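To be precise, the following lines are model.cif, and they hold mmCIF, C-alpha atoms.
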```
data_coords
loop_
_atom_site.label_atom_id
_atom_site.label_comp_id
_atom_site.auth_asym_id
_atom_site.auth_seq_id
_atom_site.Cartn_x
_atom_site.Cartn_y
_atom_site.Cartn_z
CA MET U 1 -13.49 -5.74 -0.41
CA ILE U 2 -10.50 -7.75 -1.59
CA ILE U 3 -10.63 -8.11 -5.37
CA ILE U 4 -9.08 -11.19 -6.98
CA GLY U 5 -8.85 -10.71 -10.75
CA GLU U 6 -10.18 -13.74 -12.60
CA LYS U 7 -9.21 -13.14 -16.24
CA ILE U 8 -5.97 -15.19 -16.52
CA ASN U 9 -7.58 -18.61 -16.63
CA GLY U 10 -6.78 -21.24 -19.24
CA THR U 11 -10.41 -22.31 -19.48
CA ILE U 12 -11.19 -18.92 -21.11
CA PRO U 13 -10.80 -19.33 -24.90
CA GLY U 14 -8.55 -16.31 -25.44
CA VAL U 15 -6.25 -17.30 -22.59
CA LYS U 16 -6.21 -20.92 -23.78
CA ARG U 17 -5.01 -19.74 -27.19
CA ALA U 18 -2.37 -17.48 -25.63
CA ILE U 19 -1.04 -20.38 -23.56
CA GLN U 20 -0.90 -22.70 -26.55
CA GLU U 21 0.87 -20.08 -28.71
CA ARG U 22 2.96 -18.68 -25.83
CA ASP U 23 1.58 -15.21 -26.54
CA GLU U 24 3.21 -13.24 -23.73
CA GLU U 25 1.78 -9.89 -24.85
CA TYR U 26 -1.78 -11.14 -24.43
CA ILE U 27 -1.12 -12.26 -20.85
CA VAL U 28 0.72 -9.03 -20.00
CA ASN U 29 -2.22 -7.00 -21.29
CA LEU U 30 -4.68 -8.95 -19.11
CA ALA U 31 -2.51 -8.55 -16.04
CA VAL U 32 -1.97 -4.81 -16.52
CA LYS U 33 -5.64 -4.10 -17.22
CA GLN U 34 -6.75 -5.94 -14.10
CA ALA U 35 -4.16 -4.22 -11.93
CA GLU U 36 -5.14 -0.81 -13.26
CA ALA U 37 -8.84 -1.61 -12.71
CA GLY U 38 -8.30 -2.24 -9.00
CA ALA U 39 -7.44 -5.92 -8.57
CA ASP U 40 -5.65 -6.62 -5.28
CA TYR U 41 -4.49 -10.05 -6.48
CA ILE U 42 -4.13 -11.59 -9.94
CA ASP U 43 -5.48 -15.12 -10.15
CA ILE U 44 -3.32 -17.49 -12.22
CA CYS U 45 -5.04 -20.67 -13.42
CA ALA U 46 -3.46 -22.82 -16.13
CA GLY U 47 -6.61 -24.78 -16.95
CA THR U 48 -4.50 -27.22 -18.96
CA MET U 49 -3.82 -30.94 -19.01
CA PRO U 50 -2.12 -32.13 -15.79
CA GLU U 51 1.11 -33.07 -17.55
CA VAL U 52 1.76 -29.47 -18.65
CA GLU U 53 0.10 -27.60 -15.78
CA ILE U 54 3.25 -26.92 -13.77
CA ASP U 55 5.20 -25.57 -16.75
CA THR U 56 2.20 -23.44 -17.74
CA LEU U 57 1.77 -22.02 -14.25
CA ILE U 58 5.45 -21.09 -14.07
CA TRP U 59 5.26 -19.41 -17.49
CA LEU U 60 2.20 -17.41 -16.47
CA MET U 61 3.62 -16.49 -13.06
CA GLU U 62 6.87 -15.18 -14.55
CA ILE U 63 5.05 -13.03 -17.11
CA VAL U 64 2.54 -11.57 -14.66
CA GLN U 65 5.10 -10.82 -11.96
CA GLU U 66 7.27 -9.01 -14.50
CA ALA U 67 4.29 -6.98 -15.74
CA VAL U 68 2.64 -5.90 -12.47
CA GLU U 69 3.47 -5.63 -8.78
CA LYS U 70 0.25 -7.22 -7.57
CA PRO U 71 0.59 -10.47 -5.58
CA LEU U 72 -0.64 -13.68 -7.17
CA CYS U 73 -3.48 -16.02 -6.39
CA ILE U 74 -2.09 -19.40 -7.47
CA ASP U 75 -5.08 -21.42 -8.64
CA SER U 76 -5.13 -25.17 -9.16
CA PRO U 77 -7.26 -28.13 -8.03
CA ASN U 78 -3.99 -30.09 -7.68
CA PRO U 79 -2.13 -29.25 -4.44
CA LYS U 80 1.02 -30.91 -5.77
CA ALA U 81 1.07 -28.49 -8.71
CA ILE U 82 0.80 -25.56 -6.30
CA GLU U 83 3.59 -27.05 -4.20
CA ALA U 84 5.80 -27.35 -7.30
CA VAL U 85 5.43 -23.68 -8.31
CA PHE U 86 5.15 -22.11 -4.86
CA ASP U 87 8.74 -20.90 -4.70
CA LYS U 88 8.33 -19.08 -8.04
CA ALA U 89 6.16 -16.44 -6.36
CA LYS U 90 8.09 -13.26 -5.55
CA ALA U 91 5.77 -12.21 -2.72
CA PRO U 92 3.12 -13.80 -0.47
CA GLY U 93 -0.29 -14.06 -2.10
CA ILE U 94 -3.24 -16.46 -1.96
CA ILE U 95 -3.40 -20.21 -2.56
CA ASN U 96 -6.56 -21.29 -4.37
CA SER U 97 -7.41 -23.73 -2.89
CA VAL U 98 -7.82 -26.35 -0.19
CA SER U 99 -11.02 -28.15 0.75
CA GLY U 100 -12.31 -31.02 2.82
CA GLU U 101 -11.04 -33.40 0.14
CA GLU U 102 -8.53 -35.87 1.50
CA GLY U 103 -4.90 -34.76 1.39
CA LYS U 104 -5.28 -31.16 0.20
CA CYS U 105 -4.83 -29.38 3.52
CA GLU U 106 -1.99 -31.73 4.36
CA VAL U 107 -0.01 -30.46 1.34
CA ILE U 108 -0.91 -26.76 1.40
CA PHE U 109 -0.95 -25.93 5.12
CA PRO U 110 2.66 -27.01 5.77
CA LEU U 111 3.62 -24.98 2.70
CA VAL U 112 2.18 -21.73 4.06
CA GLN U 113 2.94 -22.34 7.73
CA GLY U 114 4.96 -19.46 9.15
CA THR U 115 4.43 -17.29 6.04
CA GLU U 116 2.10 -14.42 5.16
CA TRP U 117 0.22 -16.40 2.52
CA ASP U 118 -3.59 -16.59 2.62
CA VAL U 119 -5.56 -19.67 1.58
CA ILE U 120 -8.97 -20.09 -0.05
CA ALA U 121 -10.86 -23.06 1.41
CA LEU U 122 -13.82 -24.64 -0.39
CA THR U 123 -16.71 -26.17 1.53
CA CYS U 124 -16.65 -29.48 -0.31
CA ASP U 125 -15.14 -32.88 0.41
CA ASN U 126 -14.65 -36.25 -1.25
CA SER U 127 -18.43 -36.57 -1.61
CA GLY U 128 -18.70 -33.31 -3.55
CA ILE U 129 -20.51 -30.08 -2.67
CA PRO U 130 -23.10 -30.58 0.08
CA ALA U 131 -26.64 -29.44 -0.66
CA ASP U 132 -27.25 -28.24 2.89
CA VAL U 133 -25.79 -25.46 5.03
CA GLU U 134 -24.98 -27.65 8.01
CA SER U 135 -22.62 -29.92 6.06
CA ARG U 136 -20.76 -26.93 4.60
CA VAL U 137 -20.28 -25.51 8.08
CA GLU U 138 -19.06 -28.90 9.33
CA ILE U 139 -16.48 -29.06 6.51
CA THR U 140 -15.36 -25.55 7.47
CA LYS U 141 -14.83 -26.71 11.06
CA GLN U 142 -12.69 -29.60 9.87
CA ILE U 143 -10.56 -27.31 7.71
CA MET U 144 -10.13 -24.76 10.49
CA ASP U 145 -9.10 -27.49 12.94
CA LYS U 146 -6.38 -28.55 10.50
CA ALA U 147 -5.28 -24.93 10.01
CA GLN U 148 -4.94 -24.53 13.77
CA LYS U 149 -2.57 -27.49 13.91
CA TYR U 150 -0.24 -25.55 11.62
CA SER U 151 -0.71 -22.28 13.56
CA ILE U 152 -2.48 -20.64 10.62
CA ASP U 153 -4.56 -17.73 11.87
CA PRO U 154 -8.25 -17.78 10.82
CA ALA U 155 -7.77 -14.30 9.33
CA ARG U 156 -5.59 -15.90 6.65
CA ILE U 157 -8.35 -18.28 5.53
CA HIS U 158 -10.93 -17.28 2.90
CA ILE U 159 -13.86 -19.71 3.17
CA ASP U 160 -15.78 -20.16 -0.09
CA PRO U 161 -19.29 -21.52 0.67
CA LEU U 162 -19.57 -22.49 -3.03
CA VAL U 163 -22.61 -20.79 -4.47
CA MET U 164 -24.13 -22.88 -7.25
CA ALA U 165 -26.00 -21.78 -10.38
CA LEU U 166 -29.26 -20.04 -9.54
CA ALA U 167 -30.81 -21.58 -12.65
CA THR U 168 -30.50 -25.05 -11.10
CA ASP U 169 -30.95 -24.24 -7.40
CA ASN U 170 -33.25 -21.34 -6.57
CA SER U 171 -32.15 -21.35 -2.93
CA THR U 172 -28.40 -21.34 -3.63
CA PHE U 173 -27.80 -17.73 -2.62
CA VAL U 174 -29.81 -18.06 0.58
CA LYS U 175 -27.69 -21.09 1.45
CA PHE U 176 -24.55 -19.07 0.72
CA LEU U 177 -25.68 -16.29 3.05
CA ASN U 178 -26.71 -18.68 5.83
CA THR U 179 -23.42 -20.57 5.58
CA MET U 180 -21.45 -17.32 5.69
CA GLN U 181 -23.33 -16.05 8.73
CA GLN U 182 -22.82 -19.29 10.66
CA ILE U 183 -19.12 -19.44 9.77
CA LYS U 184 -18.53 -15.85 10.87
CA LYS U 185 -20.20 -16.56 14.21
CA LEU U 186 -17.82 -19.46 14.76
CA TYR U 187 -14.72 -17.70 13.43
CA PRO U 188 -15.15 -13.89 13.62
CA SER U 189 -11.82 -13.11 11.96
CA VAL U 190 -12.15 -15.55 9.07
CA LYS U 191 -12.75 -14.16 5.58
CA VAL U 192 -15.51 -15.30 3.23
CA THR U 193 -15.01 -15.30 -0.52
CA SER U 194 -16.78 -16.41 -3.67
CA GLY U 195 -16.26 -17.24 -7.31
CA LEU U 196 -18.98 -14.72 -7.86
CA SER U 197 -20.04 -15.29 -11.46
CA ASN U 198 -20.88 -18.97 -10.84
CA ILE U 199 -24.33 -17.98 -9.64
CA SER U 200 -25.50 -16.63 -13.01
CA PHE U 201 -24.62 -19.59 -15.27
CA GLY U 202 -27.56 -20.36 -17.53
CA MET U 203 -29.32 -17.08 -16.79
CA PRO U 204 -30.13 -14.23 -19.16
CA LEU U 205 -28.72 -10.79 -18.31
CA ARG U 206 -26.03 -12.35 -16.14
CA LYS U 207 -24.57 -9.01 -15.13
CA ALA U 208 -27.76 -8.11 -13.24
CA VAL U 209 -27.62 -11.34 -11.26
CA ASN U 210 -23.91 -10.94 -10.53
CA GLN U 211 -24.22 -7.32 -9.40
CA SER U 212 -27.15 -8.14 -7.15
CA PHE U 213 -25.19 -11.03 -5.65
CA LEU U 214 -22.27 -8.71 -4.98
CA THR U 215 -24.25 -5.95 -3.29
CA ILE U 216 -26.23 -8.26 -1.00
CA ALA U 217 -23.21 -10.42 -0.14
CA LEU U 218 -21.14 -7.32 0.67
CA TYR U 219 -23.88 -6.13 3.00
CA ALA U 220 -23.95 -9.56 4.66
CA GLY U 221 -20.19 -9.53 5.24
CA MET U 222 -18.42 -11.11 2.26
CA ASP U 223 -14.75 -10.07 2.37
CA SER U 224 -13.31 -11.02 -1.02
CA ALA U 225 -14.38 -12.28 -4.42
CA ILE U 226 -12.90 -13.66 -7.61
CA ILE U 227 -14.33 -11.30 -10.22
CA ASP U 228 -13.55 -9.46 -13.45
CA PRO U 229 -12.22 -6.08 -12.28
CA CYS U 230 -12.43 -4.78 -15.85
CA ASN U 231 -16.24 -5.07 -15.69
CA LYS U 232 -17.11 -1.43 -15.00
CA GLY U 233 -20.68 -2.18 -13.98
CA MET U 234 -19.47 -4.65 -11.37
CA MET U 235 -16.86 -2.26 -10.04
CA ALA U 236 -19.39 0.58 -9.88
CA ALA U 237 -21.69 -1.66 -7.84
CA LEU U 238 -18.83 -2.62 -5.54
CA TYR U 239 -17.62 0.93 -4.81
CA ALA U 240 -21.15 2.28 -4.46
CA THR U 241 -22.12 -0.47 -2.02
CA GLU U 242 -19.03 0.07 0.10
CA ALA U 243 -19.79 3.79 0.22
CA LEU U 244 -23.42 3.17 1.20
CA LEU U 245 -22.32 0.79 3.97
CA GLY U 246 -20.00 3.39 5.47
CA LEU U 247 -16.91 1.38 4.51
CA ASP U 248 -15.48 4.17 2.33
CA LYS U 249 -14.62 7.25 4.40
CA PHE U 250 -15.80 10.43 2.67
CA CYS U 251 -16.48 8.22 -0.41
CA ARG U 252 -12.82 8.59 -1.35
CA ASN U 253 -12.49 5.21 -3.06
CA TYR U 254 -15.74 5.72 -4.96
CA ASN U 255 -14.66 9.14 -6.23
CA LYS U 256 -11.13 7.99 -7.04
CA ALA U 257 -12.46 5.03 -9.06
CA TYR U 258 -14.77 7.39 -10.95
CA ARG U 259 -11.95 9.80 -11.76
CA LYS U 260 -9.79 6.92 -13.03
CA GLY U 261 -12.60 5.63 -15.26
CA ILE U 262 -12.81 2.31 -13.43
CA THR U 263 -16.57 2.53 -12.92
CA HIS U 264 -17.77 4.10 -16.18
#
```
Once more with this new file: its structure as structure tokens, please.
Amino acid sequence: MIIIGEKINGTIPGVKRAIQERDEEYIVNLAVKQAEAGADYIDICAGTMPEVEIDTLIWLMEIVQEAVEKPLCIDSPNPKAIEAVFDKAKAPGIINSVSGEEGKCEVIFPLVQGTEWDVIALTCDNSGIPADVESRVEITKQIMDKAQKYSIDPARIHIDPLVMALATDNSTFVKFLNTMQQIKKLYPSVKVTSGLSNISFGMPLRKAVNQSFLTIALYAGMDSAIIDPCNKGMMAALYATEALLGLDKFCRNYNKAYRKGITH
């Protein structure tokens, strides 16, 4: 599974402080730890006021790219902010994100056309996140139609069916699975991703909920996830599940992660 490290996000108190104080060492440490723990991409989210978001993203991008060789996942709800910092990336990564909201695809898709960049696409639109599976699939169709106009291969799109908190919607994970299955039937090469920890908000023993989500979703075909790669319990669940599913030849990745201390 493709692992997108989630820890450099300005909404996290420690990262917020580091941004405010321009504490480069703190950001470097987060980037290095995630890379060493197995992250394939490092998510960069400023989480700041709009007027300083671009400067903050550039500051974070420069620090992380100097510290590690992992590609970035540039994360912002504002497509214009992503457009402004796009050329600061040293290598193709992931844009997080587009959606069915008016104007987002029209900014991001021309930006990545003809490149090797991937794009996360959220199944929401101007009306918010649909409660039903059918509407999420319909939004996906609209996004994929737009991607086709810019010759963006479905394999470069990571659809996020937007799992909600289990504490407020007991059927949220079932909806996630059903949406994923329908999308993969329509677009066999498309990837499905998730901001995995969203499901456990408001729940006790969140790690149990998150790990169970991960194992079942992996079995059902989830391709990537935005997670904390420094969470050894989560990484152990990931490598063990991939081994059990026959996705890890001779359990090499599982054993390597164990030897490196990633899973314990």
Starting from the displayed file, determine the output of the PyMOL selection byres ((chain U and resi 158) around 8) and express the residue list as a list in words.
Asp118, Val119, Ile120, Ala121, Ala155, Arg156, Ile157, Ile159, Asp160, Val190, Lys191, Val192, Thr193 and Ser224 of chain U
Quick one, how far is atom CA of Leu214 of chain U from atom CA of Gly233 of chain U?
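It comes out at 11.2 Å.
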Give me the residues near Ala91 of chain U as a PyMOL selection string, where near means some atom within 9 Å (using all atoms listed in the file) and where sequence neighbours in that chain fewer than 6 positions away do not count.
chain U and resi 70-72+116-117
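Take atom CA of Ile3 of chain U and atom CA of Ser171 of chain U: the distance between them is 25.4 Å.
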Point-to-point distance from atom CA of Tyr187 of chain U to atom CA of Asp153 of chain U, Å rounded to tenths
10.3 Å
Neighbours of Thr215 of chain U within 10 Å (all atoms listed in the file; same-chain residues fewer than 5 positions away dropped), as a list in words?
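Near Thr215 of chain U, the qualifying residues are Asn210, Ala220, Met222, Met234, Ala237, Leu238, Tyr239, Ala240, Thr241 and Glu242 of chain U.
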Who sits within 9 Å of Asn78 of chain U, only C-alpha atoms, same chain under 3 positions skipped, as a list of chain:residue names
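Neighbouring residues, sequence-local ones excluded: U:Pro50, U:Asp75, U:Ala81, U:Ile82, U:Glu83, U:Ser97, U:Lys104.
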The PyMOL selection byres ((chain U and resi 164-170) around 7) on the file shown: which residues, as a PDB file with C-alpha atoms, in the frame of the given file?
```pdb
ATOM      1  CA  LEU U 162     -19.570 -22.490  -3.030  1.00  0.00           C
ATOM      2  CA  VAL U 163     -22.610 -20.790  -4.470  1.00  0.00           C
ATOM      3  CA  SER U 171     -32.150 -21.350  -2.930  1.00  0.00           C
ATOM      4  CA  THR U 172     -28.400 -21.340  -3.630  1.00  0.00           C
ATOM      5  CA  ASN U 198     -20.880 -18.970 -10.840  1.00  0.00           C
ATOM      6  CA  ILE U 199     -24.330 -17.980  -9.640  1.00  0.00           C
ATOM      7  CA  SER U 200     -25.500 -16.630 -13.010  1.00  0.00           C
ATOM      8  CA  PHE U 201     -24.620 -19.590 -15.270  1.00  0.00           C
ATOM      9  CA  GLY U 202     -27.560 -20.360 -17.530  1.00  0.00           C
ATOM     10  CA  MET U 203     -29.320 -17.080 -16.790  1.00  0.00           C
TER      11      MET U 203
END
```
Rank nothing, just name the residue among U:Gly195, U:Ile152, U:Pro204, U:Phe213 nearest to Leu177 of chain U, using all atoms listed in the file.
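With all atoms listed in the file as the atom set, the closest residue is U:Phe213.
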Could you write out as number ranges by chain the residues that the PyMOL selection byres ((chain U and resi 11) around 8) matches in the shown file?
U: 9-10, 12-13, 15-16, 46-48
Minimum-distance residue to Trp59 of chain U, chosen among U:Ile19, U:Val32, U:Ile94, U:Ile42 (using only C-alpha atoms)
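Distance minimum relative to Trp59 of chain U lands on U:Ile19.
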Which centre and which edge lengths, in Å to one decimal, describe the axis-aligned box that holds all listed atoms of segment 26-34 of chain U after 6 Å is added on each side, as AutoDock Vina command-line options?
```
--center_x -3.0 --center_y -8.2 --center_z -19.3 --size_x 19.5 --size_y 20.2 --size_z 22.3
```
